[in-house]
Every structure is written in structure tokens, then in C-alpha cells.
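Reviewing the structure listed below.
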Amino acid sequence: MALAKRGLGKGGPEVSALGLGCMGMSEFYGHSDREAALATIAAALEAGVTLLDTGDFYGMGHNEMLLAEALRGKRDQAFIQVKFGAQRGPDGAFLGIDARPASVKTALAYSLRRLGTDHVDLYQTGLDPAVPIEDTIGAIGDLVQQGYVRHVGITNVDANTIRRAHGTQPITALQFEYGLMSRDIEHEILPLCRELGIGITAYGVLSRGLLTGSKGSGEGDFRNVLYPRFQGENLTRNERLAAALAKVAQSEGITAAQAAIAWVASRGADIIPLVGARTVERLTEALRSPLHLSKEALSEIERAVPENAVSGERFMVAH
């Protein structure tokens, strides 16, 4: 059965109803296997997945080069969205965001070279506190006019920033963490995006594996360091929610991952879940998620993981 399509934003491009998040193929979640990653991307394309999500700081260029290798001779099958702006040191440490107009254009030049393409389909960044969002988005708009970027995106910003950005250049999509354990977007940001006709690409659909029983995988796994939900008593409490979800999923004849993906997909045709699969097996499981569950099943899923029931912040908060 062919994978369904969804429009990315009002009047925007048509892409696959599920996207593949490629970040974990390079770092953050412990050891990654290059051959498994290439096989997963190939399987995704074969199944009709067109939306591929990467970032120039994922593996500090590694992820883009990996994607270029996987897409050799197949570029026309993919809608590539690239995040930029995060600055990193030689040791991998995060140093902040640089979204000055000249930096925007320089970052894209390097991304195009690493990706082996003459354009990216959607280019997006978060907010640089030192740069007005109008300047950053205006620079991406210049790149659209020059043909190097097809669509403008933005990620992890508040409602006021979204409105200002959209007033500068039409925003096609917002990328934000959204799932059963992360529902902040519903209260102000999602209604605004619908008012403005901005689509949503949702990452963290499985709460970085928390909803499927993952506890992190040791050295090189950022979940053990940056994400309080994987630590101490928070993990114990959150595991109870994951167990409750698994029980509901089993009663529906699906897995916990499929239930979580289906729930996000059910929140609206303007939302595209990004699945961070790193193996063909995980990808296959995700692609078998039912995009239409009964109202009763969806209600049971929400009761298993109620809003605000998760323990711990999404990210480590600096003091």
C-alpha cells in the first residue's frame, strides 16, 4: 500500500505523511551503523517517504554527507529539509546559535556542497537572541529568490517570533517537538500556525524512545546527560506511562510506537510526524502505523499518557 501524502502548509508542497528524521544516524543516541543507516534511507525512499530531515550540525556535517551518499542518483525522490544555526566546537560542544544574514548564506553554501545538490527544499533555524528574526528570515528569503532554497521554515520558537517571521517571508513549516509526552504546542503555537497556514513537522514523537521503553544506551547517548526525563525517579514514573501505552496498543493490535505515531498523525492533516528510525526494522514498524484510529482508541491512548503526566523537563535547564 502506497504511503499517504500530506500538504506541508497551506498551498505548500505535497510530501509523505510520515517523514524520516536522520539525526540519530550520526550521533546523539549512541552508536550508529553507517550501513544500517544507508539501508534505512533506501528503504524509506522505496516505501514512498519523501520528507527527509537533517541538520548541518548533526555530526558536524556527517549527517548531510551520509544523506548525499544515500540519495546519489535519487535526489528527485526527496524533499530535504535542513536545520542550521547551531554552533559547535571541535569537541562537539554546543556554543550557541549564529543566524546573522551572512552566516545564513555561508551555512547554506556548505550544506549544498555536503549534500551534493543545488538547492534544499526547506531551510530552517531557531532564534538567535542577538539577531532580529526578520533579518534571519529575510536572508533565507534572498536564497529563495536566488533559487537555492525552495521553502522557508522555522523551528522551536514562540508564537510572537512565528508571527514576525511569517510577516517577513511566508513560512511553510514549523518544526517542533510534539507527541503524547510533549504537548506544549497545542495551547498557542498550533492555533497560530493554523491561522497562518503553516504546516507542522513534529519531532520527538516517541519522546526519544521513552515511550517505547528505551533507557538510553550508555556512552555517546545524549539522553543520559541532557534529558531529565531519562534520569532517576523521572524515568521510573515515565516508564509507568510507557507501560500503560503499551497495554492500550496491544489491545488495538499495534505496538506502542505505532500508537504514539498514529496519535500525532490524528491531530490534523497539517501535522507530519518525523520518525527517527535508524534501522529498516524500526522504519518498517513506523510505516505500518495506522494513520486513522477510532475515537475510542485515541481516547484510550490519551488516558494512558495524560497531558502533563510526564515527569521532568524536556531538556536540562541551566542554572
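Letters for chains follow the order of the C-alpha cells (A, B, ...), residue numbers begin at 1 for each chain, and ligand numbers begin at 1 in the order shown.
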request  = Taking the chain letters and numbering used in this document, name the residues of range 191-306 of chain A that DSSP puts in helix (DSSP H, G or I), as an MDAnalysis selection string.
outcome  = chainID A and resid 191:196 207:212 223:226 228:230 232:252 256:265 280:287 295:304
message = With only C-alpha atoms as the counted atoms, please give the residues lying no more than 12 Å from Gln250 in chain A, apart from itself and same-chain residues fewer than 5 positions off, as a VMD selection string.
response = chain A and resid 243 to 245 255 to 259 297 300 to 301
Residues from the last selection, C-alpha atoms, saved as a short mmCIF file (atom, residue, chain, number, x, y, z; two decimals), in the first residue's frame:
data_model
loop_
_atom_site.label_atom_id
_atom_site.label_comp_id
_atom_site.auth_asym_id
_atom_site.auth_seq_id
_atom_site.Cartn_x
_atom_site.Cartn_y
_atom_site.Cartn_z
CA ALA A 243 3.79 0.58 30.09
CA ALA A 244 0.23 1.93 30.11
CA LEU A 245 0.58 2.96 26.45
CA THR A 255 2.91 -1.53 19.04
CA ALA A 256 3.46 1.36 21.43
CA ALA A 257 5.49 3.16 18.75
CA GLN A 258 2.68 2.77 16.23
CA ALA A 259 0.14 4.07 18.76
CA ALA A 297 -8.76 4.12 20.64
CA GLU A 300 -7.63 5.34 25.45
CA ILE A 301 -4.17 6.36 24.26
#
request  = Name the residues of range 53-229 of chain A that fall into strand (DSSP E) according to DSSP on the backbone, using the chain letters and numbers of this document, as a PyMOL selection string.
outcome  = chain A and resi 53-55+79-84+86-88+94-97+120-125+149-155+171-177+199-203
key: Residue nearest Arg164 in chain A among A:Glu14, A:Glu296, A:Asp98, A:Asp135 (counting only C-alpha atoms)   =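 Ranked by minimum distance to Arg164 in chain A, first place goes to A:Asp135.
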request  = Have a look at A:His151, A:Arg100, A:Arg288, A:Arg267 and name the one nearest to Gly9 in chain A; count only C-alpha atoms.
outcome  = A:His151
request  = List the neighbours of range 131-133 of chain A out to 10 Å using only C-alpha atoms; skip same-chain residues closer than 5 positions along the sequence, and give me the result as JSON, numbers by chain.
outcome  = {"A": [97, 98, 99, 100, 101, 125, 126, 138, 139, 154, 161, 162, 164, 165, 166, 168]}
How would the residues just picked look written out with N, CA, C and O atoms as a PDB file, in the first residue's frame?
ATOM      1  N   ILE A  97      23.794  29.870  18.929  1.00  0.00           N
ATOM      2  CA  ILE A  97      23.216  29.957  17.583  1.00  0.00           C
ATOM      3  C   ILE A  97      23.740  31.198  16.888  1.00  0.00           C
ATOM      4  O   ILE A  97      23.836  32.269  17.481  1.00  0.00           O
ATOM      5  N   ASP A  98      24.086  31.051  15.634  1.00  0.00           N
ATOM      6  CA  ASP A  98      24.504  32.173  14.797  1.00  0.00           C
ATOM      7  C   ASP A  98      23.595  32.216  13.577  1.00  0.00           C
ATOM      8  O   ASP A  98      23.694  31.377  12.689  1.00  0.00           O
ATOM      9  N   ALA A  99      22.695  33.198  13.568  1.00  0.00           N
ATOM     10  CA  ALA A  99      21.753  33.316  12.453  1.00  0.00           C
ATOM     11  C   ALA A  99      21.821  34.694  11.818  1.00  0.00           C
ATOM     12  O   ALA A  99      20.820  35.227  11.330  1.00  0.00           O
ATOM     13  N   ARG A 100      23.015  35.290  11.831  1.00  0.00           N
ATOM     14  CA  ARG A 100      23.218  36.535  11.104  1.00  0.00           C
ATOM     15  C   ARG A 100      23.058  36.273   9.603  1.00  0.00           C
ATOM     16  O   ARG A 100      23.361  35.174   9.131  1.00  0.00           O
ATOM     17  N   PRO A 101      22.597  37.258   8.851  1.00  0.00           N
ATOM     18  CA  PRO A 101      22.366  37.031   7.418  1.00  0.00           C
ATOM     19  C   PRO A 101      23.547  36.436   6.674  1.00  0.00           C
ATOM     20  O   PRO A 101      23.380  35.505   5.880  1.00  0.00           O
ATOM     21  N   THR A 125      15.723  27.498  10.886  1.00  0.00           N
ATOM     22  CA  THR A 125      16.571  27.712  12.046  1.00  0.00           C
ATOM     23  C   THR A 125      15.713  28.147  13.227  1.00  0.00           C
ATOM     24  O   THR A 125      14.536  28.486  13.075  1.00  0.00           O
ATOM     25  N   GLY A 126      16.331  28.147  14.390  1.00  0.00           N
ATOM     26  CA  GLY A 126      15.693  28.694  15.573  1.00  0.00           C
ATOM     27  C   GLY A 126      16.052  30.166  15.706  1.00  0.00           C
ATOM     28  O   GLY A 126      16.539  30.810  14.769  1.00  0.00           O
ATOM     29  N   GLY A 138      14.736  37.123   6.399  1.00  0.00           N
ATOM     30  CA  GLY A 138      14.969  37.889   5.176  1.00  0.00           C
ATOM     31  C   GLY A 138      16.120  37.318   4.370  1.00  0.00           C
ATOM     32  O   GLY A 138      16.071  37.280   3.133  1.00  0.00           O
ATOM     33  N   ALA A 139      17.155  36.853   5.068  1.00  0.00           N
ATOM     34  CA  ALA A 139      18.297  36.249   4.375  1.00  0.00           C
ATOM     35  C   ALA A 139      17.899  34.947   3.692  1.00  0.00           C
ATOM     36  O   ALA A 139      18.329  34.672   2.564  1.00  0.00           O
ATOM     37  N   ILE A 154      10.990  27.313  10.156  1.00  0.00           N
ATOM     38  CA  ILE A 154      11.475  27.833  11.430  1.00  0.00           C
ATOM     39  C   ILE A 154      11.273  26.739  12.470  1.00  0.00           C
ATOM     40  O   ILE A 154      10.419  25.854  12.295  1.00  0.00           O
ATOM     41  N   THR A 161       7.459  35.139  17.708  1.00  0.00           N
ATOM     42  CA  THR A 161       8.520  35.008  16.708  1.00  0.00           C
ATOM     43  C   THR A 161       7.979  34.432  15.406  1.00  0.00           C
ATOM     44  O   THR A 161       8.373  34.858  14.312  1.00  0.00           O
ATOM     45  N   ILE A 162       7.080  33.457  15.516  1.00  0.00           N
ATOM     46  CA  ILE A 162       6.469  32.878  14.316  1.00  0.00           C
ATOM     47  C   ILE A 162       5.718  33.949  13.532  1.00  0.00           C
ATOM     48  O   ILE A 162       5.863  34.053  12.305  1.00  0.00           O
ATOM     49  N   ARG A 164       6.140  37.231  13.547  1.00  0.00           N
ATOM     50  CA  ARG A 164       7.084  38.186  12.966  1.00  0.00           C
ATOM     51  C   ARG A 164       7.801  37.576  11.754  1.00  0.00           C
ATOM     52  O   ARG A 164       7.990  38.243  10.731  1.00  0.00           O
ATOM     53  N   ALA A 165       8.201  36.314  11.890  1.00  0.00           N
ATOM     54  CA  ALA A 165       8.888  35.653  10.782  1.00  0.00           C
ATOM     55  C   ALA A 165       7.977  35.559   9.562  1.00  0.00           C
ATOM     56  O   ALA A 165       8.392  35.860   8.436  1.00  0.00           O
ATOM     57  N   HIS A 166       6.749  35.160   9.790  1.00  0.00           N
ATOM     58  CA  HIS A 166       5.795  34.988   8.689  1.00  0.00           C
ATOM     59  C   HIS A 166       5.472  36.320   8.023  1.00  0.00           C
ATOM     60  O   HIS A 166       5.164  36.355   6.823  1.00  0.00           O
ATOM     61  N   THR A 168       7.618  38.551   7.484  1.00  0.00           N
ATOM     62  CA  THR A 168       8.794  38.891   6.679  1.00  0.00           C
ATOM     63  C   THR A 168       8.845  38.083   5.387  1.00  0.00           C
ATOM     64  O   THR A 168       9.115  38.624   4.312  1.00  0.00           O
TER      65      THR A 168
END
ask   = Of the candidates A:Ser26, A:Ser111, A:Gln169, A:Asn160, which one gets nearest to Gln145 in chain A if we count only C-alpha atoms?
value =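 With only C-alpha atoms as the atom set, the closest residue is A:Gln169.
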query = Skipping near chain neighbours, those fewer than 3 positions away, what residues fall within 12 Å of range 184-199 of chain A using only C-alpha atoms, listed as a VMD selection string?
reply = chain A and resid 6 to 15 17 151 to 167 169 to 181 202 to 203 264 267 to 273 307 to 308 313 to 314
query = So which residues touch Leu108 in chain A within 12 Å, counting only C-alpha atoms, skipping near sequence neighbours fewer than 3 positions away, as JSON, numbers by chain?
reply = {"A": [55, 56, 57, 61, 64, 81, 82, 83, 84, 85, 99, 101, 102, 103, 104, 105, 111, 112, 113, 114, 115, 116, 117, 118, 119, 120, 121, 122, 123, 124, 125, 139, 140, 142, 143, 144, 147, 148, 149]}
Would you save the residues of that selection, restricted to N, CA, C and O atoms, as a compact mmCIF listing (two decimals), in the first residue's frame?
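File produced: part.txt:
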# COMPACT_ATOMS: atom_id res chain seq x y z
N GLY A 55 20.33 18.21 9.56
CA GLY A 55 20.82 19.48 10.07
C GLY A 55 22.31 19.56 9.83
O GLY A 55 23.01 18.54 9.88
N ASP A 56 22.82 20.77 9.58
CA ASP A 56 24.25 20.87 9.30
C ASP A 56 25.11 20.57 10.52
O ASP A 56 26.30 20.28 10.40
N PHE A 57 24.51 20.63 11.70
CA PHE A 57 25.26 20.36 12.93
C PHE A 57 25.07 18.94 13.45
O PHE A 57 25.62 18.58 14.49
N GLY A 61 28.26 17.96 10.07
CA GLY A 61 28.37 17.74 8.63
C GLY A 61 28.22 16.29 8.21
O GLY A 61 27.89 16.01 7.06
N GLU A 64 24.68 15.24 6.71
CA GLU A 64 24.42 15.70 5.35
C GLU A 64 25.20 14.87 4.34
O GLU A 64 24.67 14.52 3.27
N GLN A 81 14.80 18.79 4.15
CA GLN A 81 14.74 19.98 4.99
C GLN A 81 15.96 19.98 5.91
O GLN A 81 16.33 18.97 6.49
N VAL A 82 16.59 21.15 6.00
CA VAL A 82 17.86 21.30 6.70
C VAL A 82 17.73 22.34 7.80
O VAL A 82 17.28 23.46 7.55
N LYS A 83 18.15 21.98 8.99
CA LYS A 83 18.27 22.95 10.09
C LYS A 83 19.69 23.47 10.12
O LYS A 83 20.64 22.73 9.86
N PHE A 84 19.83 24.74 10.49
CA PHE A 84 21.16 25.34 10.57
C PHE A 84 21.18 26.32 11.75
O PHE A 84 20.17 26.57 12.40
N GLY A 85 22.34 26.84 12.03
CA GLY A 85 22.47 27.89 13.03
C GLY A 85 23.21 27.48 14.28
O GLY A 85 23.91 28.29 14.89
N ALA A 99 22.70 33.20 13.57
CA ALA A 99 21.75 33.32 12.45
C ALA A 99 21.82 34.69 11.82
O ALA A 99 20.82 35.23 11.33
N PRO A 101 22.60 37.26 8.85
CA PRO A 101 22.37 37.03 7.42
C PRO A 101 23.55 36.44 6.67
O PRO A 101 23.38 35.50 5.88
N ALA A 102 24.77 36.94 6.92
CA ALA A 102 25.93 36.38 6.21
C ALA A 102 26.17 34.94 6.63
O ALA A 102 26.55 34.09 5.80
N SER A 103 25.93 34.63 7.91
CA SER A 103 26.12 33.26 8.39
C SER A 103 25.09 32.32 7.78
O SER A 103 25.39 31.16 7.50
N VAL A 104 23.86 32.82 7.60
CA VAL A 104 22.81 32.02 6.96
C VAL A 104 23.26 31.56 5.58
O VAL A 104 23.17 30.38 5.22
N LYS A 105 23.80 32.49 4.82
CA LYS A 105 24.18 32.18 3.44
C LYS A 105 25.44 31.32 3.38
O LYS A 105 25.55 30.42 2.53
N SER A 111 26.25 23.49 3.22
CA SER A 111 25.27 22.39 3.18
C SER A 111 25.05 21.89 1.76
O SER A 111 24.96 20.69 1.52
N LEU A 112 24.95 22.81 0.82
CA LEU A 112 24.75 22.40 -0.57
C LEU A 112 25.92 21.55 -1.06
O LEU A 112 25.73 20.55 -1.76
N ARG A 113 27.13 21.93 -0.65
CA ARG A 113 28.31 21.16 -1.05
C ARG A 113 28.28 19.76 -0.42
O ARG A 113 28.54 18.76 -1.09
N ARG A 114 27.97 19.69 0.87
CA ARG A 114 27.96 18.38 1.55
C ARG A 114 26.84 17.50 1.03
O ARG A 114 27.00 16.28 0.90
N LEU A 115 25.69 18.09 0.73
CA LEU A 115 24.54 17.33 0.25
C LEU A 115 24.66 16.96 -1.23
O LEU A 115 23.91 16.11 -1.72
N GLY A 116 25.55 17.62 -1.94
CA GLY A 116 25.71 17.34 -3.36
C GLY A 116 24.49 17.74 -4.18
O GLY A 116 24.11 17.05 -5.13
N THR A 117 23.90 18.88 -3.83
CA THR A 117 22.70 19.33 -4.52
C THR A 117 22.79 20.82 -4.80
O THR A 117 23.62 21.52 -4.19
N ASP A 118 21.95 21.33 -5.69
CA ASP A 118 21.97 22.76 -5.98
C ASP A 118 20.90 23.53 -5.22
O ASP A 118 20.80 24.76 -5.35
N HIS A 119 20.11 22.81 -4.41
CA HIS A 119 19.09 23.50 -3.60
C HIS A 119 18.67 22.61 -2.44
O HIS A 119 18.83 21.39 -2.50
N VAL A 120 18.14 23.23 -1.40
CA VAL A 120 17.44 22.47 -0.36
C VAL A 120 15.97 22.84 -0.45
O VAL A 120 15.62 23.95 -0.84
N ASP A 121 15.13 21.91 -0.09
CA ASP A 121 13.70 22.13 -0.26
C ASP A 121 13.09 23.00 0.83
O ASP A 121 12.16 23.76 0.58
N LEU A 122 13.63 22.88 2.05
CA LEU A 122 13.17 23.74 3.14
C LEU A 122 14.36 24.02 4.05
O LEU A 122 15.09 23.11 4.43
N TYR A 123 14.55 25.30 4.38
CA TYR A 123 15.68 25.72 5.20
C TYR A 123 15.14 26.37 6.46
O TYR A 123 14.28 27.25 6.39
N GLN A 124 15.65 25.95 7.62
CA GLN A 124 15.02 26.41 8.86
C GLN A 124 16.04 26.57 9.99
O GLN A 124 17.05 25.87 10.03
N THR A 125 15.72 27.50 10.89
CA THR A 125 16.57 27.71 12.05
C THR A 125 15.71 28.15 13.23
O THR A 125 14.54 28.49 13.07
N ALA A 139 17.15 36.85 5.07
CA ALA A 139 18.30 36.25 4.37
C ALA A 139 17.90 34.95 3.69
O ALA A 139 18.33 34.67 2.56
N ILE A 140 17.05 34.15 4.37
CA ILE A 140 16.57 32.92 3.72
C ILE A 140 15.71 33.29 2.51
O ILE A 140 15.76 32.62 1.47
N ASP A 142 16.14 35.80 0.58
CA ASP A 142 17.07 36.10 -0.52
C ASP A 142 17.47 34.81 -1.23
O ASP A 142 17.57 34.77 -2.46
N LEU A 143 17.73 33.77 -0.44
CA LEU A 143 18.15 32.48 -1.01
C LEU A 143 17.02 31.83 -1.80
O LEU A 143 17.28 31.13 -2.78
N VAL A 144 15.78 32.08 -1.38
CA VAL A 144 14.63 31.60 -2.16
C VAL A 144 14.60 32.30 -3.51
O VAL A 144 14.43 31.65 -4.56
N GLY A 147 17.04 30.88 -5.86
CA GLY A 147 16.81 29.51 -6.29
C GLY A 147 17.55 28.45 -5.48
O GLY A 147 17.45 27.26 -5.80
N TYR A 148 18.25 28.86 -4.42
CA TYR A 148 18.99 27.89 -3.62
C TYR A 148 18.13 27.22 -2.55
O TYR A 148 18.49 26.16 -2.03
N VAL A 149 17.00 27.85 -2.22
CA VAL A 149 16.06 27.33 -1.22
C VAL A 149 14.67 27.39 -1.82
O VAL A 149 14.32 28.38 -2.47
remark   = If you count only C-alpha atoms, the residue of A:Ala4, A:Met23, A:Ala86, A:Ile137 closest to Asp53 in chain A turns out to be A:Met23
Contact check, range 67-139 of chain A to range 45-52 of chain A, at most 6 Å, counting only C-alpha atoms, closest pairs as a Markdown table:
| residue | atom | partner | partner_atom | distance |
| --- | --- | --- | --- | --- |
| A:Ala78 | CA | A:Thr50 | CA | 4.6 |
| A:Phe79 | CA | A:Leu51 | CA | 4.8 |
| A:Ile80 | CA | A:Leu52 | CA | 5.1 |
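Reported to one decimal place, the separation of CA of Thr279 in chain A from CA of Thr40 in chain A is 5.4 Å.
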message = Quick check, in Å to one decimal: how far apart do CA of Ala2 in chain A and CA of Arg150 in chain A lie?
response =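 That distance, rounded to one decimal, is 25.5 Å.
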